[in-house]
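Structure file coords-v2.pdb; described as PDB, C-alpha atoms and all ligand atoms.
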ATOM      1  CA  MET K 744      19.001   8.926 -12.356
ATOM      2  CA  LEU K 745      17.110  11.576 -10.382
ATOM      3  CA  ASP K 746      13.970   9.394 -10.381
ATOM      4  CA  ARG K 747      15.937   6.437  -9.000
ATOM      5  CA  LEU K 748      17.514   8.591  -6.303
ATOM      6  CA  THR K 749      14.132  10.023  -5.374
ATOM      7  CA  ASP K 750      12.582   6.549  -5.204
ATOM      8  CA  LEU K 751      15.470   5.305  -3.097
ATOM      9  CA  LEU K 752      15.239   8.222  -0.658
ATOM     10  CA  LEU K 753      11.474   7.781  -0.360
ATOM     11  CA  PHE K 754      11.746   4.016   0.211
ATOM     12  CA  ARG K 755       9.692   3.353  -2.919
ATOM     13  CA  TYR K 756      12.207   1.979  -5.384
ATOM     14  CA  THR K 757      12.859  -1.467  -3.885
ATOM     15  CA  ASN K 758       9.236  -1.943  -2.830
ATOM     16  CA  GLN K 759       7.669  -1.108  -6.160
ATOM     17  CA  GLY K 760      10.259  -3.022  -8.153
ATOM     18  CA  LYS K 761       9.376  -6.215  -6.308
ATOM     19  CA  ASP K 762       5.647  -5.627  -6.059
ATOM     20  CA  ASN K 763       3.594  -7.320  -8.770
ATOM     21  CA  ASN K 764       0.457  -9.415  -9.155
ATOM     22  CA  THR K 765       2.294 -12.755  -9.331
ATOM     23  CA  ASN K 766       3.600 -12.537  -5.736
ATOM     24  CA  GLU K 767       1.657 -14.822  -3.421
ATOM     25  CA  LYS K 768       2.338 -12.338  -0.644
ATOM     26  CA  PRO K 769       2.123  -8.708  -1.828
ATOM     27  CA  TYR K 770       4.855  -6.241  -0.799
ATOM     28  CA  ILE K 771       2.560  -3.228  -0.857
ATOM     29  CA  THR K 772      -0.883  -3.388   0.768
ATOM     30  CA  MET K 773      -3.063  -0.848   2.526
ATOM     31  CA  GLY K 774      -1.597  -2.196   5.779
ATOM     32  CA  SER K 775       1.990  -1.627   4.674
ATOM     33  CA  ILE K 776       1.150   1.900   3.510
ATOM     34  CA  VAL K 777      -0.536   2.818   6.801
ATOM     35  CA  TRP K 778       2.214   1.142   8.823
ATOM     36  CA  GLY K 779       4.955   2.897   6.839
ATOM     37  CA  GLY K 780       3.221   6.235   7.310
ATOM     38  CA  LEU K 781       2.883   5.725  11.070
ATOM     39  CA  VAL K 782       6.497   4.620  11.538
ATOM     40  CA  ARG K 783       7.878   7.491   9.461
ATOM     41  CA  THR K 784       5.669  10.043  11.255
ATOM     42  CA  ILE K 785       6.771   8.786  14.671
ATOM     43  CA  LEU K 786      10.455   8.891  13.629
ATOM     44  CA  ILE K 787      10.158  12.436  12.310
ATOM     45  CA  VAL K 788       8.295  13.652  15.402
ATOM     46  CA  VAL K 789      10.779  12.051  17.815
ATOM     47  CA  ILE K 790      13.843  13.332  15.914
ATOM     48  CA  SER K 791      12.351  16.821  15.483
ATOM     49  CA  TRP K 792      11.336  16.998  19.139
ATOM     50  CA  THR K 793      14.837  16.008  20.230
ATOM     51  CA  VAL K 794      16.680  18.384  17.867
ATOM     52  CA  VAL K 795      14.362  21.351  18.516
ATOM     53  CA  GLY K 796      14.573  20.822  22.270
ATOM     54  CA  TYR K 797      18.358  20.426  22.303
ATOM     55  CA  TYR K 798      19.262  23.307  19.967
ATOM     56  CA  GLU K 799      16.206  25.487  20.741
ATOM     57  CA  LEU K 800      15.238  25.811  17.065
ATOM     58  CA  ARG K 801      11.599  26.786  17.596
ATOM     59  CA  ASP K 802      11.722  29.251  14.671
ATOM     60  CA  TYR K 803      12.189  26.314  12.273
ATOM     61  CA  TRP K 804       8.892  24.574  13.070
ATOM     62  CA  MET K 805       8.176  24.370   9.303
ATOM     63  CA  VAL K 806      11.012  21.887   8.719
ATOM     64  CA  PRO K 807       9.296  18.914  10.473
ATOM     65  CA  LEU K 808       6.074  19.724   8.614
ATOM     66  CA  LEU K 809       7.901  19.712   5.273
ATOM     67  CA  ALA K 810       9.631  16.465   6.282
ATOM     68  CA  ILE K 811       6.236  14.881   6.992
ATOM     69  CA  VAL K 812       4.925  15.994   3.584
ATOM     70  CA  GLY K 813       8.046  14.831   1.719
ATOM     71  CA  LEU K 814       8.838  11.663   3.652
ATOM     72  CA  VAL K 815       5.384  10.474   4.738
ATOM     73  CA  ILE K 816       2.455  11.898   2.777
ATOM     74  CA  TYR K 817       3.986  11.946  -0.706
ATOM     75  CA  PRO K 818       5.496   8.408  -0.593
ATOM     76  CA  ALA K 819       2.331   7.020   1.000
ATOM     77  CA  TYR K 820       0.192   8.586  -1.735
ATOM     78  CA  SER K 821       2.565   7.272  -4.403
ATOM     79  CA  GLN K 822       2.425   3.762  -2.950
ATOM     80  CA  TYR K 823      -1.383   3.971  -2.720
ATOM     81  CA  GLN K 824      -1.587   4.907  -6.407
ATOM     82  CA  HIS K 825       0.739   2.037  -7.301
ATOM     83  CA  PHE K 826      -1.317  -0.376  -5.161
ATOM     84  CA  THR K 827      -4.716   0.631  -6.577
ATOM     85  CA  GLY K 828      -3.388   0.491 -10.159
ATOM     86  CA  ARG K 829      -2.023  -2.996  -9.595
ATOM     87  CA  ILE K 830      -5.297  -4.186  -8.012
ATOM     88  CA  GLU K 831      -7.287  -2.846 -10.983
ATOM     89  CA  VAL K 832      -5.141  -4.976 -13.300
ATOM     90  CA  MET K 833      -5.527  -7.975 -10.987
ATOM     91  CA  GLN K 834      -9.319  -7.613 -11.021
ATOM     92  CA  ILE K 835      -9.251  -7.887 -14.799
ATOM     93  CA  GLU K 836      -6.731 -10.735 -14.959
ATOM     94  CA  THR K 837      -7.998 -13.107 -12.252
ATOM     95  CA  LEU K 838     -11.112 -15.061 -11.397
ATOM     96  CA  CYS K 839     -11.100 -13.467  -7.949
ATOM     97  CA  GLY K 840     -11.525 -10.040  -9.518
ATOM     98  CA  SER K 841     -15.086 -10.946 -10.518
ATOM     99  CA  CYS K 842     -15.906 -12.766  -7.249
ATOM    100  CA  LYS K 843     -18.070 -11.270  -4.514
ATOM    101  CA  HIS K 844     -15.671 -12.615  -1.849
ATOM    102  CA  PHE K 845     -12.689 -10.594  -3.091
ATOM    103  CA  ASP K 846     -11.764  -7.558  -1.011
ATOM    104  CA  PRO K 847      -9.718  -5.231  -3.272
ATOM    105  CA  THR K 848      -8.693  -2.889  -0.442
ATOM    106  CA  ASN K 849      -6.607  -5.678   1.118
ATOM    107  CA  GLN K 850      -6.113  -8.003  -1.879
ATOM    108  CA  LEU K 851      -7.811 -10.660   0.237
ATOM    109  CA  CYS K 852     -10.240 -13.502  -0.229
ATOM    110  CA  ILE K 853     -12.725 -12.950   2.602
ATOM    111  CA  VAL K 854     -13.770 -16.621   2.730
ATOM    112  CA  PHE K 855     -10.241 -18.029   3.131
ATOM    113  CA  ASP K 856      -8.696 -14.924   4.729
ATOM    114  CA  GLU K 857      -5.727 -15.219   2.371
ATOM    115  CA  HIS K 858      -4.073 -12.935  -0.158
ATOM    116  CA  VAL K 859      -4.847 -13.832  -3.762
ATOM    117  CA  SER K 860      -2.622 -13.362  -6.815
ATOM    118  CA  THR K 861      -2.508 -14.250 -10.496
ATOM    119  CA  THR K 862      -0.647 -17.436  -9.517
ATOM    120  CA  TYR K 863      -2.624 -18.331  -6.376
ATOM    121  CA  ILE K 864      -6.401 -18.621  -6.014
ATOM    122  CA  PRO K 865      -7.109 -20.204  -2.596
ATOM    123  CA  CYS K 866     -10.390 -21.938  -3.570
ATOM    124  CA  GLU K 867      -9.183 -22.872  -7.072
ATOM    125  CA  GLY K 868     -12.529 -21.616  -8.356
ATOM    126  CA  ASP K 869     -14.786 -23.821  -6.171
ATOM    127  CA  SER K 870     -16.129 -20.977  -4.002
ATOM    128  CA  TRP K 871     -16.389 -18.364  -6.740
ATOM    129  CA  GLU K 872     -19.634 -16.358  -6.724
ATOM    130  CA  PRO K 873     -20.328 -13.597  -9.238
ATOM    131  CA  LEU K 874     -20.105  -9.980  -8.184
ATOM    132  CA  THR K 875     -23.590  -8.491  -8.423
ATOM    133  CA  TYR K 876     -24.569  -4.918  -9.180
ATOM    134  CA  GLU K 877     -25.511  -4.481  -5.491
ATOM    135  CA  ASP K 878     -22.033  -5.673  -4.435
ATOM    136  CA  LYS K 879     -20.380  -3.109  -6.683
ATOM    137  CA  THR K 880     -22.517  -0.210  -5.465
ATOM    138  CA  SER K 881     -22.432  -1.048  -1.721
TER
HETATM  139  S1  LIG A   1     -13.840 -17.432  -3.083
HETATM  140 FE1  LIG A   1     -12.330 -18.202  -4.561
HETATM  141  S2  LIG A   1     -12.655 -16.954  -6.418
HETATM  142 FE2  LIG A   1     -13.641 -15.889  -4.697
HETATM  143  S3  LIG A   1     -12.109 -14.445  -3.925
HETATM  144 FE3  LIG A   1     -11.926 -16.334  -2.721
HETATM  145  S4  LIG A   1     -10.367 -17.528  -3.761
HETATM  146 FE4  LIG A   1     -11.048 -15.946  -5.199
END
Same coordinates, now as structure tokens:
Amino acid sequence: MLDRLTDLLLFRYTNQGKDNNTNEKPYITMGSIVWGGLVRTILIVVISWTVVGYYELRDYWMVPLLAIVGLVIYPAYSQYQHFTGRIEVMQIETLCGSCKHFDPTNQLCIVFDEHVSTTYIPCEGDSWEPLTYEDKTS
């Protein structure tokens, strides 16, 4: 119950429930994490600026900082962990995971500039090239 409420308040519950490797278009990507963080930070700064200015609450400058930690940094980190865990599974389960053209940071095929999933491989295996040791270390 508390976990669900926490997820709901931190905008994680609906996102992570829907996000899995079979979606052709992923719900959570590095872009969505960065975008969510920026939007939440801007909202907190604007609201804090307005409230502090209107009520002259300069002694409570810690509250916006705590709001940024609780509503931006923690959920973004949680989503990043969820995203990287899911991509690790995808790399094991799909052909793209062993291809040099797969970009795990964006879940993208670089050749086709499309998201890949366990149900959608843009080249259908025709453009697959093995990941070399140099690719993994670079
Ligand atoms: S080239 Fe084909 S196998 Fe390689 S990442 Fe793109 S879609 Fe996947």
*Can you tell me, as number ranges by chain, what residues are no more than 12 Å from Ile785 of chain K when counting all atoms listed in the file, ignoring any on the same chain fewer than 3 positions away?*
K: 778-782, 788-792, 807, 810-811, 814-815
The PyMOL selection byres (((chain K and resi 850-865) around 9) and not hetatm) on the file shown: which residues, as a short mmCIF file (atom, residue, chain, number, x, y, z; two decimals) with C-alpha atoms, in the coordinates of the input?
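Heads up, here's the output in selection09.cif:
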data_model
loop_
_atom_site.label_atom_id
_atom_site.label_comp_id
_atom_site.auth_asym_id
_atom_site.auth_seq_id
_atom_site.Cartn_x
_atom_site.Cartn_y
_atom_site.Cartn_z
CA ASN K 763 3.59 -7.32 -8.77
CA ASN K 764 0.46 -9.41 -9.15
CA THR K 765 2.29 -12.76 -9.33
CA ASN K 766 3.60 -12.54 -5.74
CA GLU K 767 1.66 -14.82 -3.42
CA LYS K 768 2.34 -12.34 -0.64
CA PRO K 769 2.12 -8.71 -1.83
CA THR K 772 -0.88 -3.39 0.77
CA MET K 773 -3.06 -0.85 2.53
CA ILE K 830 -5.30 -4.19 -8.01
CA MET K 833 -5.53 -7.98 -10.99
CA GLU K 836 -6.73 -10.74 -14.96
CA THR K 837 -8.00 -13.11 -12.25
CA LEU K 838 -11.11 -15.06 -11.40
CA CYS K 839 -11.10 -13.47 -7.95
CA HIS K 844 -15.67 -12.62 -1.85
CA PHE K 845 -12.69 -10.59 -3.09
CA ASP K 846 -11.76 -7.56 -1.01
CA PRO K 847 -9.72 -5.23 -3.27
CA THR K 848 -8.69 -2.89 -0.44
CA ASN K 849 -6.61 -5.68 1.12
CA CYS K 866 -10.39 -21.94 -3.57
CA GLU K 867 -9.18 -22.87 -7.07
CA GLY K 868 -12.53 -21.62 -8.36
CA SER K 870 -16.13 -20.98 -4.00
#
Give me the box for segment 774-780 of chain K as AutoDock Vina command-line options, namely the centre and edge lengths in Å to one decimal of a box along x, y and z that holds every listed atom plus 5 Å on each side.
--center_x 1.7 --center_y 2.0 --center_z 6.2 --size_x 16.6 --size_y 18.4 --size_z 15.3
*So which one's closest to Ile816 of chain K, K:Arg829, K:Lys843, K:Ile776, K:Leu800? Using only C-alpha atoms, please.*
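Of K:Arg829, K:Lys843, K:Ile776, K:Leu800, the one nearest Ile816 of chain K is K:Ile776, counting only C-alpha atoms.
Note that the spacing between atom CA of Thr827 of chain K and atom CA of Arg783 of chain K amounts to 21.5 Å.
The spacing separating atom FE1 of ligand LIG 1 (chain A) from atom CA of Leu874 of chain K amounts to 11.9 Å.
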_Between atom CA of Val795 of chain K and atom CA of Tyr817 of chain K, what is the distance in Å, rounded to a tenth?_
23.8 Å
*asked:* Between K:Cys842, K:Val832, K:Val806, K:Val794, which residue has the minimum interatomic distance to ligand LIG 1 (chain A), considering only C-alpha atoms and all ligand atoms?
replied: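 Closest candidate: K:Cys842.
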*Leaving out Ser841 of chain K and any residue of its chain fewer than 5 positions from it, which residues lie within 9 Å of it when counting only C-alpha atoms, given as a ChimeraX atom specification?*
/K:834-835,871-874
